[in-house]
Amino acid sequence: MPAGETPGLPPDLDLLSGIEDVVPAGLARAVREVPLVDHHVHGAFTADVERSAFEYALVEASTDPVPAWDSAFATPLGLSLRRWCAPLLGLPAHAGGEEYWEARSALGADELARRFTSAAGVERWVVDTGFSGGSVQSPTALAGTGGGTWSEIVRLEPMVERVVAEVAPADVADEVRTRLAAATAGPEQVGVKSIAAYRCGFDIDWSRPTDAAVAAAASALAAATPDGETPRVADPVLIAFAVHEAAALGLPIQLHVGFGDRDLDLHRTDPLLLLPLLRTVTVPVLLLHCYPFHRQAAYLAQAFDHVSFDIGLAINYLGPRSVELVGEAMELAPFAKQLYSSDAFGPPELHFLGSVLWRRGMAVTLGTWLRRGDCSEADAVDALHAIAGRNARRVYGLPG
């Protein structure tokens, strides 16, 4: 699909199968047609992968290959994958794992990316390019297969690591400022992201570090890094410094929250631990993923004007139960403080599946409210459009 062309769901997709009675016709049409801004996403695989690598990419919380006695197809995500993605491979819904893998293997990585990303109905991809290893598409390539346009999110920790490796400790603070300003100067770069959740957790001192403290932390990191290796920034001083410098530039800041692989300590990623930071900065703060802390994130979004959140990543991994997750996210937070995200990485099925499951969750949640008389159709459609894309365009200053 040409970049810039408005994409849409496949016309024969039975999006509302099993929930038709819950969703009035006007809302059903809006759920199917609304274009999305995927405000936190990565590219699809650029090369064919072995089955073990494919299944590994479907098990977010593991750092090991899926054992022989198990299968990623036998998970909530695996069920939804075989239900919604199999028809795009020419298979019946609920095709078995072996059948699914054979049909998938008959297509190359480029065709798989085109087939699934173009079916997601995304008009803009806001791409985190900080984690790829060259194995996934660039933002330009993602827009090339998926249609629509793209923007970029700059990840902070890799930038700081390069600076620590290349300059003297006393110069790290100024060099980070210089490089951060340069890296976010273009119209495509619309924000930054920190993976503090993985590196140090949120239970740290979030006050703004001095340049002297940064120099001391950089010196200690450089001394502890073996020759020839890249420093790994996990020092709270360096991470807090980068976050505050991004805030000083007025940049929206994304923070990974909650669910992820076992490299993080989940109990240290509760977003309530971010209160000292949220009371200090005034730029938009976007809490990503959030499960199982999505209710805490909703509270923070309700309490702070500059805080928003999404439930990306978890939507795919909860599979059939993602409908309930969407409903829980809608319990408290203002509709203007929620954003759509798939957080898809690698298998392009995840770009498509995130869209399908979110749309179904919104259809059930809003359709139930509408049927009960809790809101008007205009209210429901407006909330849908806000979360689908309007909020992201406002927060990041995107056109449209």
# chains A, B, ... in the order shown; residues from 1 in each chain; ligands from 1
$ closest_atom_pairs --of "region 110-192 of chain A" --to "region 335-358 of chain A" --cutoff "7 Å" --atoms "only C-alpha atoms" --output "tab-separated table"
residue	atom	partner	partner_atom	distance
A:Leu112	CA	A:Pro348	CA	6.7
A:Ala113	CA	A:Pro348	CA	5.3
A:Phe116	CA	A:Phe352	CA	5.5
A:Thr117	CA	A:His351	CA	5.7
A:Ala119	CA	A:Phe352	CA	6.1
A:Ala120	CA	A:Phe352	CA	4.4
A:Val136	CA	A:Gly346	CA	6.2
$ write_last_selection --atoms "C-alpha atoms" --output "PDB file, in the first residue's frame"
ATOM      1  CA  LEU A 112       3.249 -11.074   5.444  1.00  0.00           C
ATOM      2  CA  ALA A 113       4.046  -7.503   6.486  1.00  0.00           C
ATOM      3  CA  PHE A 116      -1.295  -7.784   7.984  1.00  0.00           C
ATOM      4  CA  THR A 117      -0.127  -4.205   8.559  1.00  0.00           C
ATOM      5  CA  ALA A 119      -5.320  -4.576   7.275  1.00  0.00           C
ATOM      6  CA  ALA A 120      -4.990  -2.799  10.632  1.00  0.00           C
ATOM      7  CA  VAL A 136      12.335  -5.020  12.001  1.00  0.00           C
TER       8      VAL A 136
END
$ select_by_dssp --residues "region 65-203 of chain A" --states "strand (DSSP E)" --output "JSON, numbers by chain"
{"A": [122, 123, 124, 125, 126, 127, 128, 149, 150, 151, 152, 153, 154, 155, 189, 190, 191, 192, 193, 194]}
$ write_last_selection --atoms "C-alpha atoms" --output "compact mmCIF listing (two decimals), in the first residue's frame"
# COMPACT_ATOMS: atom_id res chain seq x y z
CA VAL A 122 -3.91 2.65 10.92
CA GLU A 123 -3.49 6.11 9.42
CA ARG A 124 -0.34 7.04 11.39
CA TRP A 125 2.34 4.90 13.00
CA VAL A 126 4.25 6.52 15.89
CA VAL A 127 7.31 4.29 15.91
CA ASP A 128 9.76 3.60 18.74
CA THR A 149 2.17 8.10 7.53
CA TRP A 150 4.70 7.84 10.33
CA SER A 151 6.32 9.69 13.21
CA GLU A 152 9.22 8.66 15.43
CA ILE A 153 9.81 8.31 19.15
CA VAL A 154 13.44 8.68 20.30
CA ARG A 155 14.52 6.29 23.05
CA GLN A 189 10.37 13.19 15.87
CA VAL A 190 7.45 13.86 18.18
CA GLY A 191 8.54 12.57 21.58
CA VAL A 192 10.89 10.41 23.63
CA LYS A 193 10.64 7.15 25.53
CA SER A 194 12.33 5.84 28.66
$ select_by_dssp --residues "region 44-245 of chain A" --states "helix (DSSP H, G or I)" --output "ChimeraX atom specification"
/A:51-56,76-89,97-105,109-117,139-146,156-166,169-183,196-199,211-224,236-245
$ residues_around --residues "Pro292 (chain A)" --least-positions-apart "2" --cutoff "9 Å" --atoms "only C-alpha atoms" --output "list in words"
Gly258, Phe259, Asp270, His289, Cys290, His294, Arg295, Gln296 and Ala314 of chain A
$ write_last_selection --atoms "C-alpha atoms" --output "mmCIF file, in the first residue's frame"
data_model
loop_
_atom_site.group_PDB
_atom_site.id
_atom_site.type_symbol
_atom_site.label_atom_id
_atom_site.label_comp_id
_atom_site.auth_asym_id
_atom_site.auth_seq_id
_atom_site.Cartn_x
_atom_site.Cartn_y
_atom_site.Cartn_z
ATOM 1 C CA GLY A 258 3.915 -2.809 33.900
ATOM 2 C CA PHE A 259 3.852 -5.954 31.782
ATOM 3 C CA ASP A 270 3.596 0.441 39.384
ATOM 4 C CA HIS A 289 0.832 -0.746 28.306
ATOM 5 C CA CYS A 290 0.152 -0.494 32.068
ATOM 6 C CA HIS A 294 -4.083 -0.097 34.195
ATOM 7 C CA ARG A 295 -6.443 1.019 36.953
ATOM 8 C CA GLN A 296 -3.606 2.885 38.682
ATOM 9 C CA ALA A 314 -1.645 -6.356 26.872
#
$ atom_distance --atom1 "CA of Thr269 (chain A)" --atom2 "CA of Met330 (chain A)"
21.1 Å
$ residues_around --residues "His256 (chain A)" --least-positions-apart "5" --cutoff "12 Å" --atoms "only C-alpha atoms" --output "PyMOL selection string"
chain A and resi 40+128+155+192-202+261+264+266+268-271+274+285-291+293+297+309-313+343
$ write_last_selection --atoms "C-alpha atoms" --output "compact mmCIF listing (two decimals), in the first residue's frame"
# COMPACT_ATOMS: atom_id res chain seq x y z
CA HIS A 40 3.43 3.27 20.26
CA ASP A 128 9.76 3.60 18.74
CA ARG A 155 14.52 6.29 23.05
CA VAL A 192 10.89 10.41 23.63
CA LYS A 193 10.64 7.15 25.53
CA SER A 194 12.33 5.84 28.66
CA ILE A 195 12.65 2.22 29.70
CA ALA A 196 13.38 3.11 33.32
CA ALA A 197 10.98 0.29 34.21
CA TYR A 198 13.49 -2.21 32.87
CA ARG A 199 16.67 -0.49 34.01
CA CYS A 200 16.02 0.72 37.56
CA GLY A 201 12.30 0.65 38.32
CA PHE A 202 10.22 3.64 39.36
CA ASP A 261 9.64 -9.56 29.84
CA LEU A 264 12.05 -6.08 34.77
CA LEU A 266 7.12 -5.97 37.87
CA ARG A 268 8.75 -1.77 40.78
CA THR A 269 6.82 -0.63 37.69
CA ASP A 270 3.60 0.44 39.38
CA PRO A 271 2.95 3.92 37.93
CA LEU A 274 6.01 7.96 39.45
CA VAL A 285 3.54 11.91 30.05
CA LEU A 286 2.29 8.81 28.26
CA LEU A 287 2.06 5.66 30.36
CA LEU A 288 2.47 2.70 28.01
CA HIS A 289 0.83 -0.75 28.31
CA CYS A 290 0.15 -0.49 32.07
CA TYR A 291 -1.30 -3.99 32.67
CA PHE A 293 -1.58 -1.52 36.69
CA ALA A 297 -2.75 4.46 35.33
CA PHE A 309 -2.19 6.09 29.11
CA ASP A 310 -2.81 3.13 26.86
CA ILE A 311 -3.34 -0.60 27.24
CA GLY A 312 -1.30 -1.61 24.21
CA LEU A 313 0.68 -4.85 24.27
CA ASP A 343 3.01 -2.06 20.66
$ residues_around --residues "Arg390 (chain A)" --least-positions-apart "3" --cutoff "9 Å" --atoms "only C-alpha atoms" --output "list of chain:residue names"
A:Leu36, A:Val37, A:Ala336, A:Leu339, A:His385, A:Ala386, A:Ile387, A:Arg393, A:Arg394, A:Val395, A:Gly400
$ closest_residue --among "A:Leu77, A:Val160, A:Val176, A:Leu275" --to "Arg321 (chain A)" --atoms "only C-alpha atoms"
A:Leu77
$ closest_residue --among "A:Val49, A:Ala165, A:Val283, A:Leu16" --to "Pro226 (chain A)" --atoms "only C-alpha atoms"
A:Ala165
$ closest_residue --among "A:Leu156, A:Val381, A:Leu318, A:Cys375" --to "Phe241 (chain A)" --atoms "only C-alpha atoms"
A:Leu156
$ atom_distance --atom1 "CA of Asp14 (chain A)" --atom2 "CA of Leu58 (chain A)"
23.8 Å
$ residues_around --residues "Leu366 (chain A)" --least-positions-apart "4" --cutoff "7 Å" --atoms "only C-alpha atoms" --output "CSV table (one decimal) with C-alpha atoms, in the first residue's frame"
chain,number,residue,atom,x,y,z
A,362,MET,CA,-14.6,-0.7,22.4
A,370,LEU,CA,-25.5,2.6,24.7
A,380,ALA,CA,-20.1,6.7,22.2
$ decode --residues "region 272-314 of chain A" --atoms "C-alpha atoms" --output "PDB file, in the first residue's frame"
ATOM      1  CA  LEU A 272       1.957   5.252  41.359  1.00  0.00           C
ATOM      2  CA  LEU A 273       5.691   5.234  42.086  1.00  0.00           C
ATOM      3  CA  LEU A 274       6.013   7.964  39.454  1.00  0.00           C
ATOM      4  CA  LEU A 275       4.095  10.500  41.550  1.00  0.00           C
ATOM      5  CA  PRO A 276       7.240  12.520  42.464  1.00  0.00           C
ATOM      6  CA  LEU A 277       8.059  12.884  38.769  1.00  0.00           C
ATOM      7  CA  LEU A 278       4.486  13.646  37.714  1.00  0.00           C
ATOM      8  CA  ARG A 279       4.270  16.401  40.316  1.00  0.00           C
ATOM      9  CA  THR A 280       7.414  18.000  38.891  1.00  0.00           C
ATOM     10  CA  VAL A 281       7.183  17.886  35.100  1.00  0.00           C
ATOM     11  CA  THR A 282       4.422  19.513  33.087  1.00  0.00           C
ATOM     12  CA  VAL A 283       4.963  18.032  29.627  1.00  0.00           C
ATOM     13  CA  PRO A 284       2.672  15.228  28.406  1.00  0.00           C
ATOM     14  CA  VAL A 285       3.542  11.911  30.051  1.00  0.00           C
ATOM     15  CA  LEU A 286       2.291   8.812  28.258  1.00  0.00           C
ATOM     16  CA  LEU A 287       2.063   5.658  30.362  1.00  0.00           C
ATOM     17  CA  LEU A 288       2.472   2.696  28.015  1.00  0.00           C
ATOM     18  CA  HIS A 289       0.832  -0.746  28.306  1.00  0.00           C
ATOM     19  CA  CYS A 290       0.152  -0.494  32.068  1.00  0.00           C
ATOM     20  CA  TYR A 291      -1.298  -3.987  32.667  1.00  0.00           C
ATOM     21  CA  PRO A 292      -1.808  -5.108  35.422  1.00  0.00           C
ATOM     22  CA  PHE A 293      -1.583  -1.521  36.693  1.00  0.00           C
ATOM     23  CA  HIS A 294      -4.083  -0.097  34.195  1.00  0.00           C
ATOM     24  CA  ARG A 295      -6.443   1.019  36.953  1.00  0.00           C
ATOM     25  CA  GLN A 296      -3.606   2.885  38.682  1.00  0.00           C
ATOM     26  CA  ALA A 297      -2.750   4.460  35.326  1.00  0.00           C
ATOM     27  CA  ALA A 298      -6.394   5.458  34.838  1.00  0.00           C
ATOM     28  CA  TYR A 299      -6.356   7.147  38.246  1.00  0.00           C
ATOM     29  CA  LEU A 300      -3.210   9.102  37.340  1.00  0.00           C
ATOM     30  CA  ALA A 301      -4.743  10.142  34.027  1.00  0.00           C
ATOM     31  CA  GLN A 302      -7.809  11.361  35.898  1.00  0.00           C
ATOM     32  CA  ALA A 303      -5.740  13.175  38.515  1.00  0.00           C
ATOM     33  CA  PHE A 304      -3.119  14.884  36.316  1.00  0.00           C
ATOM     34  CA  ASP A 305      -3.966  16.950  33.252  1.00  0.00           C
ATOM     35  CA  HIS A 306      -0.684  16.061  31.535  1.00  0.00           C
ATOM     36  CA  VAL A 307      -0.908  12.266  32.026  1.00  0.00           C
ATOM     37  CA  SER A 308      -2.424   9.866  29.491  1.00  0.00           C
ATOM     38  CA  PHE A 309      -2.190   6.093  29.109  1.00  0.00           C
ATOM     39  CA  ASP A 310      -2.813   3.131  26.864  1.00  0.00           C
ATOM     40  CA  ILE A 311      -3.340  -0.599  27.243  1.00  0.00           C
ATOM     41  CA  GLY A 312      -1.299  -1.613  24.210  1.00  0.00           C
ATOM     42  CA  LEU A 313       0.682  -4.854  24.273  1.00  0.00           C
ATOM     43  CA  ALA A 314      -1.645  -6.356  26.872  1.00  0.00           C
TER      44      ALA A 314
END
